[in-house]
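J.: Sharing a structure here in structure tokens format.
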Amino acid sequence: MKNFLLNIFKDRVVSPWWILVIDLGIVAYAFLIAFVLRLSLQLPSYSVGGFIAAGSWVLFVYLLTFLGTGSYRGVIRHSNYNEFKILIIACFSAFIVLVIVDSVVKFYELPWWRIPRLVLIFHFLLTAMLSFAFRMIVRETYAFLTKKRATINTLIYGAGDMGEITLEAIRNDKDNLFHVVGFVDDNPNKWNMKLHSIQVQSWDKAMSMRAEREIVVIILAINSISVQRKKEITNDCLDKGWKLKVMPSVGNWVNGISNRNQIRDIRIEDILGRKEIRLNQRRISTGLEGKVILVSGAAGSIGSEIVRQLLRFPLKKILLIDIAESALYDLQQELLLSYYDVPFEVILVDFTNAFRMRQVFEAYRPHIVYNAAAYKHVPLMEANPYEAIRVNIGGTKLMADISVEYGVEKFVMVSTDKAVNPTNVMGATKRICEIYIQSLAQKGGVQTSFITTRFGNVLGSSGSVVPLFKKQITQGGPVTVTHPDITRFFMTIPEACQLVLEAGFMGNGGEIFVFDMGEPVKINDLAKEMIRLAGLKLGTDIEIKYSGLRPGEKLFEELLASKENNLPTHHEKIMIGQVQVYDYESVKEVIRGLLGALNFEDNGLLVTRMKNLVPEFVSNNSSYSILDKTN
Ligand SMILES: NC(=O)c1ccc[n+]([C@@H]2O[C@H](COP(=O)([O-])OP(=O)(O)OC[C@H]3O[C@@H](n4cnc5c(N)ncnc54)[C@H](O)[C@@H]3O)[C@@H](O)[C@H]2O)c1
């Protein structure tokens, strides 16, 4: 029977005209019933001719309102609140028209058939109820037929609001496979209580559950939980062979709506993250309100997250600038599907192209610029200094100069820890950008406020170790680590971008804001943890291979936010870097020389020019190390 009904629904959508015919059938049927009800109350009887004439008139009016509102156009099996609303409006409009016409007929005693008022009221109510019921029956039958049987025994960790929302999101999804068999909570007061008829229990008790109720998935649904606790739960789940998933916290829901698809696997970022960052929302919101914002490198890891975070504020418009067509397209699709309120413009452009960038500034007059476009891969830039200089230095200088030209209020540059005592070409180009920006900020008569933000690696950014390890693990390994002792400081992308927004509204301009990256992470341990998270055993299922340090790569990174080199701010995670500030005119000349030399000098000469401007740039494990010896 189920299959027979499913076959009826399968790939077939009933033509709207058939829906209209059914709705008119309901109108006619309701008219008959309304009359029967009325006659049973012993009121004046009607001739058959009068009944048919009145019925035809009623049908005609309802036909007009159905056509006018398009109430028959929706796909019935997916009827929603909006369609029900349109249906009620159509029926009510027809009712009002009929009442008005009937009143006119009565008032002027026209020789026209009349319909008792009570019949019209009964008829309206019946028509609305029956057509509503028709849609509900089709919708619910379809939902029943297509609903999958939830078979994965699941526990929701967290019997609070998030837990309830998670349960609701699971129950409302017809494709859901999670069968929630219990809640877990760390609060003893909730143990043995029931939430939506489902038992709440302690984690210890859940872990000793009987085999016939074998748990397969745990969904972590707690808004604020310490990383330490997350780690413990992760370890317990790995020991038990349970899959741990996470319902993201409310702030991360697309458009503030929860659904089952947002439940995702636990990531390495979840157990490496640190204390939640608190932002001065009010100051940022006031600073951004009504502004046109330009984000360069918008399709990149940092740029796209800056865009996502900016879209939560009351901006006038946001301009997404990038040269990477496909990545920009993906971002556009993501934002379109997320229904943000802020209008955005996607602009495919090379930010080193002065003509095109001036066109953009002329057309949109941005108030604030976030400059996140860059080439960032150390070994690639080591092999291609020409491109590193052209894009990183040339592009940033151009953006800064045009921002001054067009009276941009604020220019926020995204820099990197690799700019500190650089050991590679990429880091040196970023240091030169910092030097230029700072010297420009010191120059008189500049109304743009220049802010530089410096931070270390972000977890999961394109081309970083996390996506690389993930890929290697899915391919069965080996996981390649350059050196067993190599360490790096890490932040999550959202953490770093939150701090970029915060720093953008701190200070007076001209500062380099340095972010506290927390404790360094051993890359070897990161690889091991990711292997464990994937449910694999190191040495048995997968190997780690040490590939040797790459050109320009350091074993340990310097502590970025050390107290000796930085001054504190009111934000515990943001410091002001104390660095040498250069004179604008001389810096401008050196950079102009460097950019000009791109056309005729070889890599060695270009790198020498950079080393002259940044004396602390000492190449490491690179073919340019020879230049340091000869200097
Ligand atoms: N990823 C990290 O771990 C990290 C850490 C600290 C600082 N940063 C800095 O943040 C910045 C962005 O890094 P990311 O990780 O987002 O890199 P990414 O490669 O993901 O993004 C950079 C974006 O810039 C765009 N771009 C490059 N050249 C361009 C051009 N000529 N015109 C227009 N767009 C261009 C690219 O298409 C890309 O979308 C870099 O300066 C980097 O040094 C990154």
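Residues are referred to by chain and number: the chain letter is A, B, ... according to the order shown in the structure tokens, the number counts from 1 in that chain, and ligands are numbered separately from 1 in the order shown.
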Can you write out as JSON lines which residues of chain A fall within 7 Å of ligand 1, alongside each residue's closest atom pair and its distance in Å to one decimal, counting only C-alpha atoms and all ligand atoms and ordering rows by chain and ascending residue number?

T.:
{"residue": "A:Ser296", "atom": "CA", "partner": "ligand 1", "partner_atom_place_in_ligand_line": "34 (N)", "distance": 6.1}
{"residue": "A:Gly297", "atom": "CA", "partner": "ligand 1", "partner_atom_place_in_ligand_line": "24 (O)", "distance": 3.5}
{"residue": "A:Ala298", "atom": "CA", "partner": "ligand 1", "partner_atom_place_in_ligand_line": "39 (O)", "distance": 6.0}
{"residue": "A:Ala299", "atom": "CA", "partner": "ligand 1", "partner_atom_place_in_ligand_line": "39 (O)", "distance": 4.2}
{"residue": "A:Gly300", "atom": "CA", "partner": "ligand 1", "partner_atom_place_in_ligand_line": "21 (O)", "distance": 3.2}
{"residue": "A:Ser301", "atom": "CA", "partner": "ligand 1", "partner_atom_place_in_ligand_line": "16 (O)", "distance": 3.7}
{"residue": "A:Ile302", "atom": "CA", "partner": "ligand 1", "partner_atom_place_in_ligand_line": "16 (O)", "distance": 3.7}
{"residue": "A:Gly303", "atom": "CA", "partner": "ligand 1", "partner_atom_place_in_ligand_line": "16 (O)", "distance": 5.4}
{"residue": "A:Ile321", "atom": "CA", "partner": "ligand 1", "partner_atom_place_in_ligand_line": "33 (C)", "distance": 6.2}
{"residue": "A:Asp322", "atom": "CA", "partner": "ligand 1", "partner_atom_place_in_ligand_line": "34 (N)", "distance": 3.7}
{"residue": "A:Ile323", "atom": "CA", "partner": "ligand 1", "partner_atom_place_in_ligand_line": "33 (C)", "distance": 4.1}
{"residue": "A:Ala324", "atom": "CA", "partner": "ligand 1", "partner_atom_place_in_ligand_line": "37 (O)", "distance": 4.2}
{"residue": "A:Ala327", "atom": "CA", "partner": "ligand 1", "partner_atom_place_in_ligand_line": "39 (O)", "distance": 6.8}
{"residue": "A:Val349", "atom": "CA", "partner": "ligand 1", "partner_atom_place_in_ligand_line": "33 (C)", "distance": 5.8}
{"residue": "A:Asp350", "atom": "CA", "partner": "ligand 1", "partner_atom_place_in_ligand_line": "32 (N)", "distance": 3.5}
{"residue": "A:Phe351", "atom": "CA", "partner": "ligand 1", "partner_atom_place_in_ligand_line": "32 (N)", "distance": 3.9}
{"residue": "A:Thr352", "atom": "CA", "partner": "ligand 1", "partner_atom_place_in_ligand_line": "31 (N)", "distance": 5.4}
{"residue": "A:Ala372", "atom": "CA", "partner": "ligand 1", "partner_atom_place_in_ligand_line": "11 (C)", "distance": 4.7}
{"residue": "A:Ala373", "atom": "CA", "partner": "ligand 1", "partner_atom_place_in_ligand_line": "24 (O)", "distance": 3.4}
{"residue": "A:Ala374", "atom": "CA", "partner": "ligand 1", "partner_atom_place_in_ligand_line": "27 (C)", "distance": 4.5}
{"residue": "A:Tyr375", "atom": "CA", "partner": "ligand 1", "partner_atom_place_in_ligand_line": "27 (C)", "distance": 5.4}
{"residue": "A:Lys376", "atom": "CA", "partner": "ligand 1", "partner_atom_place_in_ligand_line": "43 (O)", "distance": 4.9}
{"residue": "A:Val391", "atom": "CA", "partner": "ligand 1", "partner_atom_place_in_ligand_line": "31 (N)", "distance": 5.5}
{"residue": "A:Gly395", "atom": "CA", "partner": "ligand 1", "partner_atom_place_in_ligand_line": "31 (N)", "distance": 6.6}
{"residue": "A:Val414", "atom": "CA", "partner": "ligand 1", "partner_atom_place_in_ligand_line": "10 (O)", "distance": 5.3}
{"residue": "A:Ser415", "atom": "CA", "partner": "ligand 1", "partner_atom_place_in_ligand_line": "9 (C)", "distance": 5.2}
{"residue": "A:Thr416", "atom": "CA", "partner": "ligand 1", "partner_atom_place_in_ligand_line": "7 (C)", "distance": 3.9}
{"residue": "A:Asp417", "atom": "CA", "partner": "ligand 1", "partner_atom_place_in_ligand_line": "6 (C)", "distance": 6.5}
{"residue": "A:Arg454", "atom": "CA", "partner": "ligand 1", "partner_atom_place_in_ligand_line": "7 (C)", "distance": 6.6}
{"residue": "A:Phe455", "atom": "CA", "partner": "ligand 1", "partner_atom_place_in_ligand_line": "6 (C)", "distance": 4.8}
{"residue": "A:Gly456", "atom": "CA", "partner": "ligand 1", "partner_atom_place_in_ligand_line": "6 (C)", "distance": 4.6}
{"residue": "A:Asn457", "atom": "CA", "partner": "ligand 1", "partner_atom_place_in_ligand_line": "3 (O)", "distance": 3.3}
{"residue": "A:Val458", "atom": "CA", "partner": "ligand 1", "partner_atom_place_in_ligand_line": "3 (O)", "distance": 3.8}
{"residue": "A:Leu459", "atom": "CA", "partner": "ligand 1", "partner_atom_place_in_ligand_line": "3 (O)", "distance": 6.6}
{"residue": "A:Ser461", "atom": "CA", "partner": "ligand 1", "partner_atom_place_in_ligand_line": "1 (N)", "distance": 4.9}
{"residue": "A:Ser462", "atom": "CA", "partner": "ligand 1", "partner_atom_place_in_ligand_line": "20 (O)", "distance": 5.0}
{"residue": "A:Ser464", "atom": "CA", "partner": "ligand 1", "partner_atom_place_in_ligand_line": "3 (O)", "distance": 6.8}

J.: For the residues selected in the previous step, produce a file with N, CA and C atoms as a short mmCIF file (atom, residue, chain, number, x, y, z; two decimals), in the first residue's frame.

T.:
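Generated output (result-v1.cif):
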data_model
loop_
_atom_site.label_atom_id
_atom_site.label_comp_id
_atom_site.auth_asym_id
_atom_site.auth_seq_id
_atom_site.Cartn_x
_atom_site.Cartn_y
_atom_site.Cartn_z
N SER A 296 39.10 42.95 0.51
CA SER A 296 39.90 42.35 -0.57
C SER A 296 40.32 40.95 -0.13
N GLY A 297 40.45 40.05 -1.08
CA GLY A 297 40.76 38.65 -0.74
C GLY A 297 39.54 38.01 -0.08
N ALA A 298 38.35 38.51 -0.48
CA ALA A 298 37.11 38.09 0.19
C ALA A 298 36.82 36.61 0.02
N ALA A 299 37.39 35.99 -1.02
CA ALA A 299 37.10 34.58 -1.24
C ALA A 299 38.07 33.68 -0.47
N GLY A 300 39.07 34.27 0.17
CA GLY A 300 40.07 33.48 0.88
C GLY A 300 39.58 33.05 2.25
N SER A 301 40.44 32.32 2.96
CA SER A 301 40.03 31.79 4.28
C SER A 301 39.75 32.93 5.25
N ILE A 302 40.66 33.88 5.33
CA ILE A 302 40.47 34.97 6.30
C ILE A 302 39.41 35.95 5.77
N GLY A 303 39.54 36.34 4.49
CA GLY A 303 38.63 37.32 3.92
C GLY A 303 37.18 36.85 4.02
N ILE A 321 35.84 41.60 -2.99
CA ILE A 321 36.85 41.75 -4.05
C ILE A 321 37.75 40.53 -4.06
N ASP A 322 37.90 39.89 -5.19
CA ASP A 322 38.89 38.80 -5.27
C ASP A 322 39.18 38.50 -6.74
N ILE A 323 40.31 37.84 -6.95
CA ILE A 323 40.69 37.48 -8.32
C ILE A 323 40.33 36.02 -8.61
N ALA A 324 40.04 35.26 -7.56
CA ALA A 324 39.78 33.82 -7.72
C ALA A 324 38.31 33.61 -8.08
N ALA A 327 36.29 30.50 -6.39
CA ALA A 327 36.11 30.67 -4.93
C ALA A 327 35.13 31.80 -4.65
N VAL A 349 38.12 41.03 -9.52
CA VAL A 349 39.10 42.05 -9.91
C VAL A 349 40.47 41.71 -9.32
N ASP A 350 41.50 42.12 -10.05
CA ASP A 350 42.87 41.97 -9.56
C ASP A 350 43.19 43.22 -8.76
N PHE A 351 43.48 43.08 -7.47
CA PHE A 351 43.65 44.29 -6.65
C PHE A 351 44.98 45.00 -6.91
N THR A 352 45.79 44.47 -7.83
CA THR A 352 47.01 45.19 -8.21
C THR A 352 46.76 46.05 -9.45
N ALA A 372 42.66 41.74 2.90
CA ALA A 372 43.08 40.36 3.22
C ALA A 372 43.56 39.62 1.98
N ALA A 373 43.69 40.33 0.85
CA ALA A 373 44.18 39.65 -0.37
C ALA A 373 45.69 39.53 -0.28
N ALA A 374 46.20 38.38 -0.60
CA ALA A 374 47.67 38.19 -0.57
C ALA A 374 48.01 36.82 -1.12
N TYR A 375 49.29 36.68 -1.46
CA TYR A 375 49.85 35.35 -1.68
C TYR A 375 50.52 34.98 -0.37
N LYS A 376 50.25 33.78 0.15
CA LYS A 376 50.69 33.50 1.52
C LYS A 376 51.56 32.25 1.67
N VAL A 391 52.29 41.18 -5.98
CA VAL A 391 50.94 41.06 -5.40
C VAL A 391 50.90 41.61 -3.98
N GLY A 395 50.07 45.27 -4.48
CA GLY A 395 48.62 45.32 -4.26
C GLY A 395 48.27 46.11 -3.01
N VAL A 414 45.50 42.92 7.06
CA VAL A 414 45.74 41.63 7.71
C VAL A 414 47.19 41.25 7.45
N SER A 415 47.97 41.19 8.53
CA SER A 415 49.37 40.78 8.37
C SER A 415 49.57 39.43 9.07
N THR A 416 50.80 39.04 9.24
CA THR A 416 51.06 37.70 9.74
C THR A 416 52.26 37.70 10.68
N ASP A 417 52.34 36.68 11.51
CA ASP A 417 53.50 36.57 12.40
C ASP A 417 54.79 36.37 11.59
N ARG A 454 48.26 41.59 13.28
CA ARG A 454 49.26 40.54 13.06
C ARG A 454 48.88 39.30 13.86
N PHE A 455 48.84 38.19 13.21
CA PHE A 455 48.59 36.96 13.98
C PHE A 455 49.23 35.76 13.28
N GLY A 456 49.25 34.65 14.01
CA GLY A 456 49.92 33.44 13.51
C GLY A 456 48.96 32.59 12.69
N ASN A 457 49.33 31.35 12.50
CA ASN A 457 48.53 30.45 11.65
C ASN A 457 47.12 30.32 12.16
N VAL A 458 46.20 30.23 11.22
CA VAL A 458 44.84 29.91 11.63
C VAL A 458 44.54 28.47 11.24
N LEU A 459 43.82 27.82 12.12
CA LEU A 459 43.51 26.40 11.90
C LEU A 459 42.54 26.24 10.75
N SER A 461 42.81 26.96 7.54
CA SER A 461 42.78 27.86 6.38
C SER A 461 43.28 27.10 5.15
N SER A 462 42.95 27.63 3.97
CA SER A 462 43.28 26.91 2.74
C SER A 462 44.79 26.65 2.69
N SER A 464 46.60 24.98 4.65
CA SER A 464 47.29 24.79 5.93
C SER A 464 47.29 23.31 6.31
#

J.: Please, which residues of region 46-285 of chain A, numbered as in this document, come out strand (DSSP E) from DSSP, as a list in words?

T.: Ile152, Asn153, Thr154, Leu155, Ile156, Tyr157, Phe178, His179, Val180, Val181, Gly182, Phe183, Val184, Lys194, Leu195, Ile198, Gln199, Val200, Gln201, Val217, Ile218, Ile219, Leu220, Lys243, Leu244, Lys245, Val246, Arg264 and Asp265 of chain A

J.: Could you name the residues that touch Ser71 (chain A) at 10 Å or less, counting only C-alpha atoms, but leaving out those on the same chain fewer than 5 positions away, as a list in words?

T.: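 Counting only C-alpha atoms, the residues come to Pro16, Ile19, Leu20, Asp23, Thr65, Phe66, Asn82, Glu83, Phe84, Lys85, Ile86, Leu87, Ile88, Ile89, Ala90 and Cys91 of chain A.
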
J.: Need to verify the contact set: Trp203 (chain A), 7 Å, only C-alpha atoms, exclusion of same-chain residues closer than 3 positions in sequence. Can you return it as a PyMOL selection string?

T.: chain A and resi 184-186+206-207

J.: When you draw a straight line from CA of Ser79 (chain A) to CA of Val138 (chain A), how long is it in Å?

T.: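 Straight-line distance from CA of Ser79 (chain A) to CA of Val138 (chain A) works out to 8.8 Å.
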
J.: Which residue out of A:Leu126, A:Ala527, A:Leu110, A:Val101 has the minimum interatomic distance to Ile33 (chain A) when only C-alpha atoms are used?

T.: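 Nearest to Ile33 (chain A): A:Leu126.
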
J.: Write out as an MDAnalysis selection string which residues come within 7 Å of region 159-164 of chain A when counting only C-alpha atoms, dropping same-chain ones fewer than 2 positions away.

T.: chainID A and resid 156:157 166:168 183:185 200 221:223

J.: Mind checking which residues fall within 9 Å of Ala388 (chain A), counting only C-alpha atoms, ignoring those fewer than 6 positions away in the same chain, and posting them as a list in words?

T.: Ala374, Tyr375, Lys376, Leu380, Met381, Glu382, Gly394, Val425, Met426 and Thr429 of chain A

J.: Export C-alpha atoms of the chosen residues as a PDB file, in the first residue's frame?

T.:
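Printed below is out.pdb as written:
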ATOM      1  CA  ALA A 374      47.670  38.194  -0.573  1.00  0.00           C
ATOM      2  CA  TYR A 375      49.847  35.346  -1.681  1.00  0.00           C
ATOM      3  CA  LYS A 376      50.695  33.497   1.517  1.00  0.00           C
ATOM      4  CA  LEU A 380      55.825  29.096  -3.361  1.00  0.00           C
ATOM      5  CA  MET A 381      56.729  32.685  -2.627  1.00  0.00           C
ATOM      6  CA  GLU A 382      60.324  31.659  -1.922  1.00  0.00           C
ATOM      7  CA  GLY A 394      52.235  46.204  -5.023  1.00  0.00           C
ATOM      8  CA  VAL A 425      60.277  36.117   1.075  1.00  0.00           C
ATOM      9  CA  MET A 426      56.579  35.917   1.957  1.00  0.00           C
ATOM     10  CA  THR A 429      56.823  41.181   1.752  1.00  0.00           C
TER      11      THR A 429
END
